[in-house]
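Colleague: My file is query.cif. It has mmCIF, C-alpha atoms:
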```cif
data_start
loop_
_atom_site.label_atom_id
_atom_site.label_comp_id
_atom_site.auth_asym_id
_atom_site.auth_seq_id
_atom_site.Cartn_x
_atom_site.Cartn_y
_atom_site.Cartn_z
CA MET C 18 11.88 -8.05 -20.23
CA THR C 19 12.57 -5.57 -23.02
CA ASN C 20 15.25 -2.87 -22.69
CA ARG C 21 12.45 -0.34 -22.22
CA ALA C 22 10.98 -2.37 -19.37
CA TYR C 23 14.40 -2.63 -17.70
CA LEU C 24 14.78 1.15 -17.96
CA ILE C 25 11.39 1.73 -16.35
CA ALA C 26 12.23 -0.74 -13.59
CA SER C 27 15.58 0.94 -12.92
CA ILE C 28 14.02 4.40 -12.68
CA ALA C 29 11.28 3.20 -10.34
CA LEU C 30 13.74 1.37 -8.09
CA LEU C 31 15.82 4.51 -7.53
CA GLY C 32 13.43 5.24 -4.68
CA LEU C 33 14.86 2.23 -2.83
CA ALA C 34 18.11 4.05 -2.22
CA GLY C 35 18.35 6.89 0.26
CA PRO C 36 20.49 8.35 3.05
CA ALA C 37 18.44 6.91 5.89
CA ARG C 38 20.44 6.46 9.09
CA ALA C 39 18.14 4.15 11.06
CA ASP C 40 16.86 0.87 9.61
CA ASP C 41 14.27 -1.67 10.67
CA PHE C 42 13.56 -5.07 9.11
CA GLN C 43 9.93 -6.06 8.84
CA GLN C 44 7.55 -8.69 7.47
CA TRP C 45 4.09 -7.85 6.12
CA LEU C 46 1.43 -10.46 5.38
CA MET C 47 -1.51 -9.34 3.24
CA LEU C 48 -4.91 -10.76 2.31
CA PRO C 49 -6.77 -8.50 -0.15
CA ALA C 50 -10.16 -9.67 -1.40
CA LYS C 51 -12.93 -8.32 -3.59
CA VAL C 52 -16.42 -9.50 -4.47
CA ASP C 53 -18.41 -8.10 -7.39
CA LEU C 54 -21.97 -7.63 -6.18
CA SER C 55 -23.06 -6.47 -9.64
CA ASP C 56 -21.58 -5.01 -12.82
CA LYS C 57 -21.15 -1.71 -10.98
CA VAL C 58 -20.81 -2.46 -7.26
CA VAL C 59 -17.86 -4.17 -5.57
CA VAL C 60 -17.01 -4.96 -1.94
CA GLN C 61 -13.32 -4.86 -1.05
CA ASN C 62 -11.49 -5.99 2.08
CA GLU C 63 -7.78 -5.62 2.84
CA LEU C 64 -6.08 -7.31 5.79
CA PHE C 65 -2.48 -6.48 6.74
CA VAL C 66 -0.53 -8.11 9.59
CA ARG C 67 2.82 -6.42 10.24
CA PHE C 68 5.87 -7.60 12.22
CA SER C 69 9.00 -5.62 13.09
CA ASP C 70 12.41 -6.57 14.42
CA ASP C 71 12.79 -3.26 16.27
CA ARG C 72 9.32 -3.52 17.81
CA GLY C 73 9.76 -7.08 18.99
CA GLY C 74 7.31 -8.81 16.68
CA LEU C 75 3.67 -7.97 15.94
CA TYR C 76 3.07 -4.23 15.90
CA GLU C 77 0.00 -3.67 13.72
CA ILE C 78 -3.12 -5.32 12.31
CA GLU C 79 -4.90 -3.23 9.70
CA ASN C 80 -8.23 -4.24 8.20
CA THR C 81 -10.21 -2.12 5.75
CA LEU C 82 -13.70 -2.85 4.46
CA ALA C 83 -14.87 -0.65 1.57
CA LEU C 84 -17.72 -0.38 -0.91
CA GLY C 85 -16.82 0.62 -4.45
CA TYR C 86 -18.69 1.80 -7.53
CA LYS C 87 -17.33 1.20 -11.04
CA LEU C 88 -17.30 4.11 -13.49
CA PRO C 89 -16.42 4.03 -17.21
CA GLY C 90 -12.74 3.85 -18.11
CA LYS C 91 -11.75 1.33 -15.42
CA VAL C 92 -12.31 3.87 -12.67
CA VAL C 93 -13.54 2.74 -9.24
CA VAL C 94 -14.59 5.17 -6.49
CA SER C 95 -14.89 3.71 -3.01
CA ALA C 96 -15.31 4.56 0.65
CA GLY C 97 -14.77 2.47 3.75
CA TYR C 98 -13.59 2.01 7.32
CA THR C 99 -10.19 0.89 8.64
CA HIS C 100 -9.83 -0.92 11.98
CA ASN C 101 -6.20 -0.60 13.07
CA PRO C 102 -5.14 -1.95 16.50
CA GLN C 103 -1.47 -1.34 17.27
CA TYR C 104 0.93 -3.31 19.43
CA ASP C 105 4.34 -3.29 21.08
CA ALA C 106 6.02 -6.73 20.99
CA GLY C 107 2.57 -8.24 20.58
CA ASP C 108 0.99 -6.32 23.48
CA PHE C 109 -1.90 -4.02 22.56
CA THR C 110 -1.14 -0.29 22.89
CA VAL C 111 -3.73 1.85 21.06
CA MET C 112 -6.68 1.56 18.69
CA GLU C 113 -6.65 3.65 15.53
CA ARG C 114 -9.78 4.05 13.41
CA ARG C 115 -9.93 5.60 9.94
CA ALA C 116 -12.40 6.67 7.31
CA ARG C 117 -11.14 6.17 3.76
CA GLU C 118 -12.15 7.64 0.40
CA GLN C 119 -10.44 6.52 -2.80
CA VAL C 120 -10.40 6.89 -6.58
CA ALA C 121 -8.55 4.13 -8.46
CA ILE C 122 -7.80 3.92 -12.19
CA ASP C 123 -6.65 0.57 -13.56
CA ASP C 124 -4.58 0.24 -16.76
CA PHE C 125 -4.98 3.91 -17.70
CA ALA C 126 -1.89 3.97 -19.96
CA ARG C 127 0.57 1.61 -21.62
CA ILE C 128 4.23 1.74 -22.60
CA GLY C 129 4.60 -1.29 -24.84
CA PRO C 130 3.55 -4.27 -22.70
CA VAL C 131 3.83 -2.25 -19.46
CA SER C 132 0.55 -1.05 -17.96
CA LEU C 133 0.13 1.79 -15.47
CA SER C 134 -2.43 2.01 -12.69
CA ALA C 135 -2.95 4.72 -10.08
CA ARG C 136 -5.07 5.71 -7.12
CA LEU C 137 -5.60 8.68 -4.82
CA ARG C 138 -6.60 7.87 -1.26
CA PHE C 139 -7.73 10.22 1.51
CA GLU C 140 -7.88 9.20 5.16
CA GLN C 141 -9.23 10.67 8.37
CA ARG C 142 -7.57 9.13 11.42
CA TRP C 143 -8.72 8.88 15.06
CA ARG C 144 -7.12 7.21 18.08
CA ASP C 145 -9.15 6.09 21.05
CA GLY C 146 -8.58 8.34 24.04
CA VAL C 147 -6.58 10.88 22.00
CA ASP C 148 -7.97 14.23 20.82
CA GLY C 149 -7.85 15.30 17.19
CA THR C 150 -8.47 14.04 13.66
CA GLY C 151 -5.51 13.43 11.39
CA TRP C 152 -6.08 14.08 7.67
CA ARG C 153 -3.73 12.74 5.03
CA ALA C 154 -3.52 11.98 1.29
CA ARG C 155 -1.84 8.95 -0.30
CA PRO C 156 -1.20 9.11 -4.07
CA TYR C 157 -0.03 5.81 -5.57
CA ILE C 158 1.19 4.59 -8.97
CA LYS C 159 2.04 1.09 -10.19
CA LEU C 160 3.76 -0.35 -13.25
CA ALA C 161 2.89 -3.94 -14.20
CA ILE C 162 5.41 -5.68 -16.47
CA PRO C 163 4.30 -9.08 -17.83
CA LEU C 164 7.00 -11.76 -17.78
CA GLY C 165 5.36 -13.90 -20.46
CA GLY C 166 2.03 -14.63 -22.08
CA LYS C 167 -1.38 -15.03 -20.50
CA GLY C 168 -1.10 -16.79 -17.14
CA ALA C 169 2.59 -15.89 -16.69
CA PRO C 170 3.91 -14.00 -13.64
CA THR C 171 3.93 -10.20 -13.59
CA PHE C 172 6.68 -7.95 -12.21
CA ASN C 173 5.15 -5.00 -10.34
CA LEU C 174 6.78 -1.73 -9.33
CA SER C 175 4.95 0.84 -7.23
CA GLU C 176 5.45 4.11 -5.41
CA GLU C 177 3.19 5.58 -2.72
CA ALA C 178 3.60 8.90 -0.92
CA PHE C 179 2.00 9.91 2.39
CA PHE C 180 1.17 13.61 2.78
CA ASN C 181 -0.06 14.86 6.16
CA LEU C 182 -2.64 17.62 5.67
CA ASN C 183 -2.83 18.77 9.30
CA ASN C 184 -1.31 18.17 12.73
CA THR C 185 -2.47 16.24 15.80
CA SER C 186 -0.63 14.78 18.79
CA PHE C 187 -0.12 11.53 16.80
CA GLN C 188 0.40 13.16 13.38
CA SER C 189 2.87 15.91 14.12
CA LYS C 190 4.82 16.21 10.85
CA ASP C 191 3.64 18.54 8.08
CA GLY C 192 3.61 17.62 4.40
CA LEU C 193 5.49 14.61 3.02
CA ASP C 194 5.76 12.04 5.80
CA ARG C 195 6.94 8.86 4.06
CA LEU C 196 7.51 7.08 0.76
CA ARG C 197 6.80 3.42 0.04
CA THR C 198 8.65 1.94 -2.93
CA ALA C 199 7.89 -1.69 -3.73
CA ALA C 200 8.97 -4.40 -6.17
CA ALA C 201 7.08 -7.68 -6.32
CA VAL C 202 6.26 -10.64 -8.55
CA SER C 203 2.66 -11.85 -8.74
CA PHE C 204 1.66 -15.38 -9.74
CA PRO C 205 -1.87 -16.22 -10.89
CA VAL C 206 -2.93 -19.50 -9.31
CA SER C 207 -6.50 -19.53 -10.63
CA PRO C 208 -9.02 -16.94 -11.87
CA ALA C 209 -9.88 -16.29 -8.22
CA VAL C 210 -6.46 -16.50 -6.51
CA LYS C 211 -3.21 -14.58 -7.02
CA LEU C 212 0.00 -14.88 -4.98
CA GLU C 213 2.52 -12.06 -4.69
CA VAL C 214 5.92 -11.84 -2.98
CA GLY C 215 8.31 -8.93 -2.92
CA TYR C 216 10.27 -6.22 -1.16
CA LEU C 217 9.06 -2.83 0.08
CA ASN C 218 11.18 0.09 1.26
CA GLN C 219 9.40 2.53 3.56
CA TYR C 220 11.40 5.75 3.89
CA ARG C 221 10.22 7.97 6.73
CA PHE C 222 11.17 11.65 6.96
CA VAL C 223 11.89 12.61 10.57
CA SER C 224 11.85 16.26 11.65
CA GLY C 225 14.83 17.17 13.82
CA GLY C 226 16.43 13.73 13.61
CA PRO C 227 17.80 11.07 11.27
CA ASP C 228 15.43 9.74 8.66
CA GLU C 229 14.39 6.10 8.97
CA ALA C 230 13.99 3.22 6.53
CA ASP C 231 11.98 0.03 6.93
CA HIS C 232 13.08 -2.93 4.79
CA VAL C 233 10.01 -5.11 4.37
CA ALA C 234 9.55 -8.64 3.02
CA THR C 235 5.98 -8.85 1.71
CA ALA C 236 3.70 -11.80 0.93
CA SER C 237 0.12 -11.58 -0.31
CA VAL C 238 -2.73 -13.90 -1.22
CA GLY C 239 -5.28 -12.01 -3.32
CA LEU C 240 -8.85 -13.28 -3.73
CA SER C 241 -11.33 -12.15 -6.38
CA PHE C 242 -14.89 -13.39 -6.82
#
```
Kindly return the structure encoded in the file as structure tokens.
Modeller:
Amino acid sequence: MTNRAYLIASIALLGLAGPARADDFQQWLMLPAKVDLSDKVVVQNELFVRFSDDRGGLYEIENTLALGYKLPGKVVVSAGYTHNPQYDAGDFTVMERRAREQVAIDDFARIGPVSLSARLRFEQRWRDGVDGTGWRARPYIKLAIPLGGKGAPTFNLSEEAFFNLNNTSFQSKDGLDRLRTAAAVSFPVSPAVKLEVGYLNQYRFVSGGPDEADHVATASVGLSF
């Protein structure tokens, strides 16, 4: 990488450090997929399976199916539904359901070889048997740094913030709730398949107690048709 790319990487990774006083070690497996139905319409599905040391293993399966529409300038607007059963040591505890609206902009700016992408996501959250609708916003930005020519791996840095827009019994904190800072390397296997492995730090702001940090090993198989 160039000196400029190293500087960008260093600045972005500053979010990995923080004074959290309670840590958890996790593993996230991801299977994102998209299918172009036409030049303008795309179907997207994201599957996450999450494991936690502190929670005794499997604690969440999150699957989102969304329909997107492509606008000029590499902009995609989409809406979909998230099915999110939650577990304690592999035993089911509660079902969360979400509506999702999103605007994503791919490769909207460049700094030398480094490309920037961003998205703004809104969610409405419901839990079975629990009153209330939780509203939140999730702005996200990613830097993609190529490690060679066409077909070479790419080093990705990203930051995502979670802002709670109201309160419910299961969403009790106002404003900034957590930050996700990630570093990963993606490997194109074929035009339709991309592998990615990395590290994600999830820093959670706790009202009236010590903040918490999740240290996450991530692995993803991305499909595109």
Colleague: Using only C-alpha atoms, determine which residues lie at most 10 Å from stretch 71-73 of chain C, disregarding the query and same-chain residues fewer than 5 positions distant; provide the list as a VMD selection string.
Modeller: chain C and resid 40 to 43 104 to 108 231
Colleague: Go through C:Ala230, C:Val92, C:Ala169, C:Leu133 one by one, measure the shortest atom-to-atom distance of each to C:Ser207 using all atoms listed in the file, and give the residue with the smallest value.
Modeller: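 Answer, going by the shortest atom-to-atom distance: C:Ala169.
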Colleague: Run the PyMOL selection byres ((chain C and resi 131) around 8) against the file shown and list the residues it catches, as an mmCIF file with C-alpha atoms, keeping the file's coordinate frame.
Modeller:
```
data_model
loop_
_atom_site.group_PDB
_atom_site.id
_atom_site.type_symbol
_atom_site.label_atom_id
_atom_site.label_comp_id
_atom_site.auth_asym_id
_atom_site.auth_seq_id
_atom_site.Cartn_x
_atom_site.Cartn_y
_atom_site.Cartn_z
ATOM 1 C CA ALA C 22 10.980 -2.370 -19.370
ATOM 2 C CA ARG C 127 0.570 1.610 -21.620
ATOM 3 C CA ILE C 128 4.230 1.740 -22.600
ATOM 4 C CA GLY C 129 4.600 -1.290 -24.840
ATOM 5 C CA PRO C 130 3.550 -4.270 -22.700
ATOM 6 C CA SER C 132 0.550 -1.050 -17.960
ATOM 7 C CA LEU C 133 0.130 1.790 -15.470
ATOM 8 C CA LEU C 160 3.760 -0.350 -13.250
ATOM 9 C CA ALA C 161 2.890 -3.940 -14.200
ATOM 10 C CA ILE C 162 5.410 -5.680 -16.470
ATOM 11 C CA PRO C 163 4.300 -9.080 -17.830
#
```
Colleague: Let me know the residues the PyMOL selection byres ((chain C and resi 219-227) around 8) catches in the file above, as a list in words.
Modeller: Gly35, Ala37, Arg38, Ala39, Lys190, Leu193, Asp194, Arg195, Leu196, Arg197, Thr198, Leu217, Asn218, Asp228, Glu229, Ala230, Asp231, His232 and Val233 of chain C
Colleague: Go through the shown structure with the PyMOL selection byres ((chain C and resi 85) around 8) and write out the matching residues as a ChimeraX atom specification.
Modeller: /C:58-61,83-84,86-87,93-96
Colleague: Would you mind reading off the distance between atom CA of C:Ser203 and atom CA of C:Lys167, one decimal, in Å?
Modeller: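 Result for atom CA of C:Ser203 versus atom CA of C:Lys167: 12.8 Å, one decimal.
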Colleague: Can you tell me which residues surround C:Val202 at a distance of at most 12 Å, considering only C-alpha atoms, apart from same-chain residues fewer than 5 positions away, and format the answer as a list in words?
Modeller: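 Final neighbour list, sorted by chain and number: Leu160, Ala161, Ile162, Pro163, Leu164, Ala169, Pro170, Thr171, Phe172, Asn173, Leu174, Ser175, Lys211, Leu212, Glu213, Val214, Gly215, Tyr216, Leu217, Thr235, Ala236 and Ser237 of chain C.
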Colleague: Tell me which of C:Asn183, C:Asp53, C:Arg67, C:Thr81 sits closest to C:Thr150, counting all atoms listed in the file.
Modeller: C:Asn183
